[in-house]
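Chemist: Got a structure for you, input-v2.cif, holding mmCIF, C-alpha atoms.
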```cif
data_model
loop_
_atom_site.label_atom_id
_atom_site.label_comp_id
_atom_site.auth_asym_id
_atom_site.auth_seq_id
_atom_site.Cartn_x
_atom_site.Cartn_y
_atom_site.Cartn_z
CA MET A 9 23.74 -82.80 291.88
CA PRO A 10 19.92 -82.72 291.63
CA PRO A 11 18.19 -84.17 294.72
CA PHE A 12 16.48 -86.99 292.76
CA LEU A 13 19.81 -88.03 291.21
CA HIS A 14 21.54 -87.79 294.57
CA GLY A 15 18.87 -90.05 296.07
CA ALA A 16 19.33 -92.64 293.30
CA VAL A 17 23.11 -92.63 293.80
CA THR A 18 22.64 -93.00 297.55
CA ARG A 19 20.31 -95.99 297.13
CA LEU A 20 22.75 -97.58 294.68
CA SER A 21 25.60 -97.06 297.12
CA VAL A 22 23.63 -98.60 299.99
CA THR A 23 22.72 -101.60 297.82
CA PHE A 24 26.33 -102.08 296.79
CA SER A 25 27.45 -101.80 300.39
CA ALA A 26 24.91 -104.45 301.45
CA LEU A 27 26.03 -106.86 298.70
CA ALA A 28 29.77 -106.26 298.90
CA LEU A 29 30.29 -107.78 302.32
CA PRO A 30 28.56 -111.18 301.80
CA VAL A 31 29.94 -111.56 298.26
CA ALA A 32 33.47 -110.82 299.47
CA ALA A 33 33.02 -113.23 302.39
CA VAL A 34 31.94 -116.04 300.05
CA ALA A 35 34.82 -115.35 297.63
CA VAL A 36 37.42 -115.40 300.41
CA SER A 37 35.86 -118.55 301.88
CA LEU A 38 36.01 -120.35 298.52
CA ALA A 39 39.69 -119.43 298.21
CA LEU A 40 40.42 -120.71 301.72
CA PHE A 41 38.49 -123.93 301.12
CA GLY A 42 40.39 -124.42 297.85
CA ALA A 43 43.66 -124.11 299.75
CA PHE A 44 42.36 -126.57 302.33
CA VAL A 45 41.54 -129.30 299.80
CA ALA A 46 44.83 -128.66 297.98
CA LEU A 47 46.65 -129.54 301.20
CA VAL A 48 44.99 -132.97 301.19
CA GLY A 49 46.00 -133.57 297.55
CA VAL A 50 42.80 -132.61 295.71
CA ASP A 51 42.78 -130.29 292.70
CA PRO A 52 40.68 -127.24 293.75
CA VAL A 53 39.67 -126.44 290.15
CA GLU A 54 38.35 -129.95 289.58
CA MET A 55 36.57 -129.84 292.94
CA TYR A 56 34.77 -126.58 292.13
CA GLN A 57 33.79 -127.90 288.71
CA LEU A 58 32.25 -130.94 290.40
CA MET A 59 30.54 -128.76 292.99
CA TYR A 60 28.94 -126.69 290.25
CA ARG A 61 27.87 -129.82 288.37
CA GLY A 62 26.43 -131.35 291.54
CA ALA A 63 24.57 -128.18 292.49
CA PHE A 64 23.46 -126.48 289.28
CA GLY A 65 24.94 -128.42 286.34
CA THR A 66 21.90 -130.51 285.42
CA TRP A 67 18.15 -130.48 285.92
CA PHE A 68 18.53 -133.36 288.38
CA SER A 69 21.06 -131.28 290.34
CA TRP A 70 18.74 -128.29 290.36
CA GLN A 71 15.90 -130.41 291.76
CA ASN A 72 18.14 -131.76 294.50
CA THR A 73 19.31 -128.23 295.29
CA LEU A 74 15.81 -126.75 295.46
CA THR A 75 14.58 -129.62 297.62
CA ARG A 76 17.33 -128.87 300.13
CA ALA A 77 16.69 -125.12 299.92
CA ALA A 78 13.06 -125.40 301.07
CA PRO A 79 13.75 -126.08 304.79
CA LEU A 80 16.70 -123.67 304.73
CA ILE A 81 14.45 -120.76 303.73
CA LEU A 82 12.12 -121.45 306.64
CA THR A 83 14.80 -122.05 309.28
CA ALA A 84 16.65 -118.92 308.12
CA LEU A 85 13.50 -116.89 308.82
CA CYS A 86 13.70 -118.22 312.38
CA THR A 87 16.87 -116.14 312.79
CA ALA A 88 16.11 -113.27 310.38
CA LEU A 89 12.78 -112.21 311.89
CA PRO A 90 13.93 -111.78 315.53
CA ALA A 91 17.04 -110.00 314.20
CA GLN A 92 14.76 -107.11 313.18
CA LEU A 93 14.36 -106.48 316.93
CA GLY A 94 18.04 -106.93 317.64
CA LEU A 95 17.65 -110.51 318.91
CA VAL A 96 20.03 -113.37 318.04
CA ILE A 97 18.04 -116.62 317.92
CA ILE A 98 19.94 -119.82 317.11
CA GLY A 99 17.28 -122.38 318.02
CA GLY A 100 15.99 -123.11 314.53
CA GLU A 101 17.07 -126.75 314.75
CA GLY A 102 15.02 -127.29 317.89
CA ALA A 103 11.96 -125.57 316.42
CA LEU A 104 12.22 -127.73 313.29
CA VAL A 105 12.49 -130.90 315.34
CA LEU A 106 9.60 -130.01 317.63
CA GLY A 107 7.46 -128.94 314.67
CA ALA A 108 8.19 -132.21 312.90
CA LEU A 109 7.26 -134.23 315.98
CA ALA A 110 4.03 -132.28 316.48
CA ALA A 111 3.09 -132.69 312.81
CA ALA A 112 3.76 -136.43 312.89
CA ALA A 113 1.73 -136.82 316.09
CA MET A 114 -1.15 -134.90 314.52
CA GLY A 115 -1.01 -137.12 311.45
CA MET A 116 -1.20 -140.20 313.69
CA ALA A 117 -4.09 -138.75 315.71
CA LEU A 118 -6.15 -137.93 312.60
CA ASN A 119 -5.28 -141.09 310.71
CA GLY A 120 -8.21 -142.00 308.48
CA ALA A 121 -9.55 -138.44 308.15
CA PRO A 122 -9.62 -136.66 304.76
CA ALA A 123 -6.26 -135.34 303.59
CA ALA A 124 -7.79 -131.87 303.11
CA LEU A 125 -8.26 -131.79 306.89
CA VAL A 126 -5.14 -133.62 308.01
CA LEU A 127 -2.50 -131.68 306.06
CA PRO A 128 -3.59 -128.21 307.31
CA ALA A 129 -3.86 -129.64 310.83
CA MET A 130 -0.34 -131.04 310.54
CA ALA A 131 0.95 -127.67 309.32
CA LEU A 132 -0.73 -125.85 312.20
CA ALA A 133 0.61 -128.38 314.71
CA GLY A 134 4.13 -128.02 313.33
CA MET A 135 3.95 -124.23 313.42
CA ALA A 136 2.56 -124.32 316.96
CA GLY A 137 5.40 -126.57 318.11
CA GLY A 138 8.05 -124.25 316.69
CA ALA A 139 6.28 -121.14 317.97
CA LEU A 140 6.11 -122.63 321.45
CA LEU A 141 9.86 -123.21 321.53
CA ILE A 142 11.16 -119.93 320.07
CA GLY A 143 8.31 -117.86 321.49
CA GLY A 144 9.28 -119.35 324.85
CA ALA A 145 12.81 -118.05 324.40
CA GLY A 146 11.36 -114.62 323.59
CA ALA A 147 9.12 -114.74 326.67
CA LEU A 148 12.08 -115.68 328.87
CA ARG A 149 13.97 -112.71 327.45
CA GLN A 150 11.10 -110.31 328.03
CA TRP A 151 9.91 -111.34 331.47
CA ARG A 152 12.89 -113.06 333.08
CA GLY A 153 15.82 -111.33 331.39
CA VAL A 154 17.27 -114.61 330.07
CA ASN A 155 19.62 -114.21 327.12
CA GLU A 156 17.66 -115.39 324.06
CA THR A 157 20.72 -116.81 322.31
CA ILE A 158 21.59 -119.14 325.18
CA SER A 159 18.00 -120.09 325.96
CA SER A 160 17.15 -120.90 322.33
CA LEU A 161 20.29 -123.05 322.10
CA LEU A 162 19.51 -124.94 325.29
CA LEU A 163 15.87 -125.37 324.30
CA THR A 164 17.12 -127.03 321.10
CA TYR A 165 18.81 -129.76 323.12
CA ILE A 166 15.59 -130.26 325.06
CA ALA A 167 13.59 -130.50 321.82
CA ILE A 168 15.96 -133.13 320.42
CA ALA A 169 15.75 -135.10 323.67
CA VAL A 170 11.95 -134.96 323.53
CA LEU A 171 12.01 -136.22 319.93
CA ASN A 172 14.27 -139.15 320.82
CA HIS A 173 12.14 -140.03 323.83
CA MET A 174 8.88 -139.96 321.88
CA VAL A 175 10.07 -141.93 318.84
CA GLU A 176 11.74 -144.53 321.07
CA GLY A 177 8.84 -144.67 323.54
CA PRO A 178 5.19 -143.55 323.39
CA LEU A 179 5.07 -142.91 319.60
CA LYS A 180 7.39 -145.70 318.47
CA ASP A 181 6.40 -147.87 315.55
CA PRO A 182 6.91 -151.47 316.78
CA SER A 183 8.28 -152.46 313.37
CA SER A 184 11.06 -149.83 313.46
CA LEU A 185 13.60 -151.86 315.40
CA ASN A 186 17.01 -150.59 314.28
CA LYS A 187 15.89 -147.05 313.51
CA PRO A 188 13.14 -146.02 315.96
CA SER A 189 10.48 -143.81 314.43
CA THR A 190 6.80 -143.03 314.51
CA PRO A 191 4.47 -145.05 312.26
CA PRO A 192 4.63 -143.96 308.60
CA LEU A 193 2.11 -141.48 307.30
CA ALA A 194 -0.44 -142.67 304.79
CA ASP A 195 0.39 -141.80 301.18
CA ALA A 196 -2.61 -139.46 301.09
CA TYR A 197 -1.00 -137.33 303.80
CA MET A 198 2.25 -136.81 301.91
CA ILE A 199 2.94 -133.48 300.20
CA GLY A 200 3.19 -133.88 296.46
CA THR A 201 5.77 -132.53 294.04
CA LEU A 202 5.66 -129.61 291.66
CA PRO A 203 4.49 -130.63 288.15
CA GLY A 204 7.33 -132.01 286.04
CA SER A 205 9.83 -132.19 288.88
CA SER A 206 10.76 -134.01 292.07
CA VAL A 207 10.75 -130.76 294.09
CA HIS A 208 8.02 -130.84 296.71
CA TRP A 209 5.57 -128.02 297.48
CA GLY A 210 7.54 -127.13 300.57
CA LEU A 211 9.68 -124.89 298.36
CA VAL A 212 6.60 -122.84 297.44
CA ALA A 213 5.64 -122.66 301.11
CA GLY A 214 9.11 -121.38 301.98
CA ILE A 215 9.06 -118.70 299.27
CA VAL A 216 5.56 -117.56 300.27
CA CYS A 217 6.63 -117.32 303.92
CA ALA A 218 9.76 -115.32 302.99
CA VAL A 219 7.76 -112.86 300.90
CA ALA A 220 5.13 -112.57 303.65
CA ALA A 221 7.87 -111.93 306.23
CA TRP A 222 9.35 -109.18 304.05
CA VAL A 223 5.94 -107.53 303.60
CA LEU A 224 5.28 -107.80 307.34
CA MET A 225 8.57 -106.16 308.26
CA ARG A 226 8.81 -103.57 305.48
CA ARG A 227 5.25 -102.64 304.61
CA THR A 228 3.24 -102.77 307.85
CA THR A 229 3.08 -100.74 311.05
CA PHE A 230 3.92 -103.94 312.96
CA GLY A 231 7.19 -104.27 311.08
CA PHE A 232 7.96 -100.58 311.44
CA ALA A 233 7.43 -100.83 315.20
CA ALA A 234 9.55 -103.98 315.37
CA ARG A 235 12.42 -102.27 313.56
CA MET A 236 12.10 -99.31 315.90
CA VAL A 237 12.53 -101.69 318.82
CA GLY A 238 15.58 -103.15 317.11
CA GLY A 239 17.05 -99.69 316.60
CA ASN A 240 16.56 -98.43 320.14
CA PRO A 241 14.40 -100.42 322.59
CA ARG A 242 14.46 -97.69 325.21
CA ALA A 243 13.29 -95.02 322.79
CA ALA A 244 10.60 -97.37 321.47
CA ARG A 245 9.38 -97.98 325.01
CA MET A 246 9.32 -94.26 325.74
CA ALA A 247 7.34 -93.75 322.53
CA GLY A 248 4.67 -96.05 323.91
CA LEU A 249 5.30 -99.09 321.72
CA PRO A 250 4.36 -102.49 323.21
CA VAL A 251 7.93 -103.76 323.19
CA GLY A 252 7.21 -106.95 325.10
CA ARG A 253 4.32 -107.98 322.89
CA LEU A 254 6.30 -107.23 319.73
CA LEU A 255 9.19 -109.30 320.98
CA VAL A 256 7.14 -112.34 321.93
CA VAL A 257 4.95 -112.26 318.81
CA THR A 258 7.94 -111.92 316.48
CA THR A 259 9.85 -114.76 318.10
CA ALA A 260 6.72 -116.93 317.95
CA LEU A 261 6.33 -116.19 314.24
CA ALA A 262 9.99 -117.04 313.72
CA GLY A 263 9.54 -120.35 315.52
CA ALA A 264 6.41 -121.08 313.51
CA ALA A 265 8.42 -120.75 310.28
CA ALA A 266 10.97 -123.30 311.49
CA GLY A 267 8.19 -125.55 312.79
CA LEU A 268 6.62 -125.50 309.32
CA ALA A 269 9.97 -126.63 307.95
CA GLY A 270 9.73 -129.64 310.26
CA MET A 271 6.24 -130.42 309.04
CA VAL A 272 7.47 -130.23 305.43
CA GLU A 273 10.34 -132.60 306.16
CA VAL A 274 7.92 -135.12 307.69
CA ALA A 275 5.18 -134.83 305.07
CA ALA A 276 7.40 -134.48 301.99
CA VAL A 277 10.66 -136.30 302.64
CA HIS A 278 10.78 -138.71 305.59
CA GLY A 279 7.12 -139.71 305.89
CA ARG A 280 7.57 -140.13 309.65
CA ALA A 281 9.38 -138.60 312.61
CA SER A 282 12.73 -140.07 313.60
CA ALA A 283 16.17 -139.00 314.80
CA SER A 284 17.23 -138.44 311.18
CA LEU A 285 15.28 -135.18 311.25
CA VAL A 286 18.25 -133.67 313.07
CA ALA A 287 20.11 -133.01 309.80
CA GLY A 288 21.58 -129.57 310.44
CA TYR A 289 19.00 -127.52 308.51
CA GLY A 290 18.46 -125.32 311.55
CA SER A 291 22.18 -124.67 311.99
CA THR A 292 22.70 -123.91 308.31
CA GLY A 293 19.67 -121.64 308.41
CA ILE A 294 21.55 -119.41 310.88
CA LEU A 295 24.34 -119.01 308.35
CA VAL A 296 21.85 -118.34 305.55
CA ALA A 297 20.21 -115.58 307.61
CA PHE A 298 23.52 -113.95 308.45
CA LEU A 299 24.75 -114.07 304.86
CA ALA A 300 21.42 -112.62 303.68
CA ARG A 301 21.93 -109.83 306.22
CA GLN A 302 18.62 -110.75 307.86
CA ASN A 303 16.63 -109.73 304.77
CA PRO A 304 13.72 -112.18 304.28
CA LEU A 305 13.81 -111.79 300.49
CA ALA A 306 17.58 -112.23 300.28
CA VAL A 307 17.17 -115.44 302.27
CA ILE A 308 15.71 -117.15 299.17
CA PRO A 309 18.75 -116.99 296.83
CA VAL A 310 21.18 -117.59 299.69
CA ALA A 311 19.23 -120.70 300.72
CA VAL A 312 19.41 -121.95 297.13
CA LEU A 313 23.18 -121.40 297.19
CA PHE A 314 23.58 -123.43 300.37
CA GLY A 315 21.15 -126.03 299.11
CA GLY A 316 23.47 -126.42 296.13
CA ILE A 317 26.53 -126.72 298.36
CA GLY A 318 24.81 -129.48 300.31
CA ALA A 319 23.63 -131.23 297.15
CA SER A 320 27.17 -131.37 295.77
CA GLY A 321 28.53 -133.24 298.80
CA GLY A 322 27.64 -136.66 297.44
CA LEU A 323 29.34 -136.05 294.10
CA LEU A 324 32.54 -134.90 295.84
CA GLN A 325 32.49 -138.07 297.88
CA ARG A 326 32.09 -140.33 294.85
CA ARG A 327 34.49 -138.62 292.45
CA LEU A 328 37.21 -137.24 294.72
CA ASP A 329 36.91 -139.58 297.69
CA LEU A 330 36.31 -136.61 299.96
CA PRO A 331 34.14 -137.11 303.06
CA ASP A 332 30.51 -136.08 302.63
CA ALA A 333 31.07 -133.66 305.51
CA SER A 334 33.56 -131.65 303.43
CA VAL A 335 30.82 -129.21 302.51
CA LEU A 336 30.30 -128.59 306.23
CA VAL A 337 33.90 -127.41 306.39
CA LEU A 338 33.11 -124.91 303.65
CA GLN A 339 30.04 -123.71 305.53
CA GLY A 340 32.11 -123.31 308.69
CA ILE A 341 34.74 -121.28 306.83
CA ILE A 342 32.05 -119.03 305.38
CA PHE A 343 30.62 -118.45 308.84
CA VAL A 344 34.00 -117.57 310.36
CA VAL A 345 34.94 -115.27 307.47
CA LEU A 346 31.54 -113.59 307.61
CA LEU A 347 31.89 -112.91 311.33
CA ALA A 348 35.41 -111.59 310.80
CA SER A 349 34.27 -109.30 308.00
CA GLU A 350 31.42 -108.01 310.16
CA ALA A 351 33.95 -107.19 312.88
CA MET A 352 36.01 -105.23 310.34
CA ARG A 353 32.99 -103.42 308.94
CA GLY A 354 33.46 -99.69 309.35
CA ARG A 355 37.24 -100.02 309.73
CA LEU A 356 38.10 -100.65 306.09
CA ARG A 357 37.57 -98.16 303.30
CA LEU A 358 35.86 -100.86 301.21
CA PHE A 359 32.99 -100.90 303.67
CA THR A 360 32.88 -97.16 304.37
CA PHE A 361 32.99 -95.37 301.05
CA ALA A 362 29.49 -96.48 300.12
CA ARG A 363 27.83 -95.01 303.16
CA PRO A 364 24.97 -92.70 302.29
CA THR A 365 25.72 -89.03 302.62
CA PRO A 366 23.21 -86.45 303.82
CA VAL A 367 21.05 -84.89 301.14
CA PRO A 368 22.06 -81.23 300.76
CA LYS A 369 19.37 -78.71 301.54
CA GLU A 370 17.92 -76.82 298.65
CA ALA A 371 18.80 -73.14 298.48
#
```
Output the file's structure in the form of structure tokens.
Modeler:
Amino acid sequence: MPPFLHGAVTRLSVTFSALALPVAAVAVSLALFGAFVALVGVDPVEMYQLMYRGAFGTWFSWQNTLTRAAPLILTALCTALPAQLGLVIIGGEGALVLGALAAAAMGMALNGAPAALVLPAMALAGMAGGALLIGGAGALRQWRGVNETISSLLLTYIAIAVLNHMVEGPLKDPSSLNKPSTPPLADAYMIGTLPGSSVHWGLVAGIVCAVAAWVLMRRTTFGFAARMVGGNPRAARMAGLPVGRLLVVTTALAGAAAGLAGMVEVAAVHGRASASLVAGYGSTGILVAFLARQNPLAVIPVAVLFGGIGASGGLLQRRLDLPDASVLVLQGIIFVVLLASEAMRGRLRLFTFARPTPVPKEA
């Protein structure tokens, strides 16, 4: 086989291998979830028809799906970026919450200033809040040897506690009696929607960040060095790469992405910071990143898929009398099946036949 044709076949095989695992995991999960709802007396076929209608069946459904996908793209980057260095960060929820709180506080502090000044300041404050949290987990890993998975999880609980304390104490709006929150943002400080739709500009911000993350990791020396660290930290250190700096900077960038998601939720959806910001976007973002195999570009369609699953929850509740949390069961099944399939990777022929083979040397 000519070398150029062999290279094309190899790339096609690698692509198929990368897609086969997540697609198979989703298919198996849908079958298991169908069996689960059948046990409680619901027709699985009717349920999936309703899920499709609620997620992608109408223009209204599409808008609801894309609105939910925006924060998922950004929180998924919080896990996908550190994964390039071999780190497992699960603190996206905490970074989102802290970013939202920082953005709301900045909006309160600059109340009355021009929107052209306030909105960028809110975005920077949100990104700084998220970067502080996840970058802190990276710093603890680098300089104190603390496991980044555990520290990012525990820091999330601290971030949620800080949010509750601030919205019920120093930043509380006196008029928010039953549902403590910060004072509402002025209408001028709210992010608008895309022309002809109810989808806010946070979706564009998420897509831009995902593309930028892909370019950073695949087309720059910084990304090449980061992936070298992920492949073999010891070899990277011996090669003279600044492993510690790469680790801390990458985790801070990951946290900044999730913090921006918090700012978007405040300035586009809630209009204020409150406990309702803890909606599970950070947790779902972990699943999105894993299903996208930590590829920043693949995060976009996977986030849309999970945005659609979330958007269909209300329709299932109204038509089939299923709890709104039923879609969370589906997400949990996908996560378990994905982990199981990853554990079996390399042991089944399905996942081994597509491995690239060495290019034969020319005579």
Chemist: Contacts of segment 107-114 of chain A at 9 Å or less, counting only C-alpha atoms, minus same-chain residues fewer than 6 places along, as a VMD selection string?
Modeler: chain A and resid 126 to 127 129 to 139 170 to 171 174 to 175 179 190 to 193 263 to 264 266 to 275 279 to 282 285
Chemist: Looking at A:Leu330, A:Gly318, A:Leu125, A:Leu346, which one is nearest to Asp51 of chain A, with distances taken over all atoms listed in the file?
Modeler: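 Smallest distance to Asp51 of chain A is found for A:Leu330.
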Chemist: Hey, which of A:Pro122, A:Gly340, A:Gly99, A:Gly115 ends up closest to Ala167 of chain A? Count all atoms listed in the file.
Modeler: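 When distances to Ala167 of chain A are compared using all atoms listed in the file, the smallest one comes from A:Gly99.
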Chemist: Would you list the contacts of Ser160 of chain A as a VMD selection string, taking every protein, DNA or RNA residue within 8 Å and counting all atoms listed in the file, but skipping same-chain residues closer than 4 positions in sequence?
Modeler: chain A and resid 97 to 99 141 to 142 145 156 164
Chemist: Between A:Gly143, A:Asn172, A:Ile199, A:Ser205, which one has atoms that come closest to Trp67 of chain A, using only C-alpha atoms?
Modeler: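 Closest to Trp67 of chain A, using only C-alpha atoms: A:Ser205.
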Chemist: If you apply the PyMOL selection byres ((chain A and resi 96) around 10) to this file, what residues do you get, as a PyMOL selection string?
Modeler: chain A and resi 86-95+97-99+155-158+160+294
Chemist: Figure out the distance between atom CA of Asn119 of chain A and atom CA of Pro188 of chain A, please, to one decimal in Å.
Modeler: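 So the two atoms, atom CA of Pro188 of chain A and atom CA of Asn119 of chain A, lie 19.8 Å apart.
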Chemist: When you look at Ser291 of chain A with a cut-off of 9 Å (counting all atoms listed in the file), what residues show up, excluding the ones that are within fewer than 3 positions of it in the same chain? I need them as a PyMOL selection string.
Modeler: chain A and resi 83-84+98-101+287-288+294-295
Chemist: Go ahead and compute the interatomic distance for atom CA of Ala319 of chain A and atom CA of Val53 of chain A, in Å to one decimal.
Modeler: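 Interatomic distance, atom CA of Ala319 of chain A to atom CA of Val53 of chain A: 18.1 Å.
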Chemist: Pull the neighbourhood of (4.1, -108.1, 322.6) for me: all residues within 12 Å in file coordinates, counting all atoms listed in the file, as a PyMOL selection string.
Modeler: chain A and resi 93+143+146-147+149-151+230+233-234+237+245+249-261
Chemist: Which one is closest to Ala103 of chain A: A:Gly144, A:Pro203, A:Pro331, A:Gly315? Count only C-alpha atoms.
Modeler: A:Gly144
Chemist: Evaluate the PyMOL selection byres ((chain A and resi 32-43) around 6) and record the selected residues as a PyMOL selection string, following the chain and residue labels used in the document.
Modeler: chain A and resi 28-31+44-46+52+341-342+345-346
Chemist: Going by the chain IDs and residue numbers used in this file, which residues fall under the PyMOL selection byres ((chain A and resi 68-73) around 10)? Write them as number ranges by chain.
Modeler: A: 60-67, 74-78, 205-208, 311-320
Chemist: Report, in Å with one decimal, the straight-line distance from atom CA of Met198 of chain A to atom CA of Ala297 of chain A.
Modeler: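 We find that atom CA of Met198 of chain A and atom CA of Ala297 of chain A lie 28.4 Å from each other.
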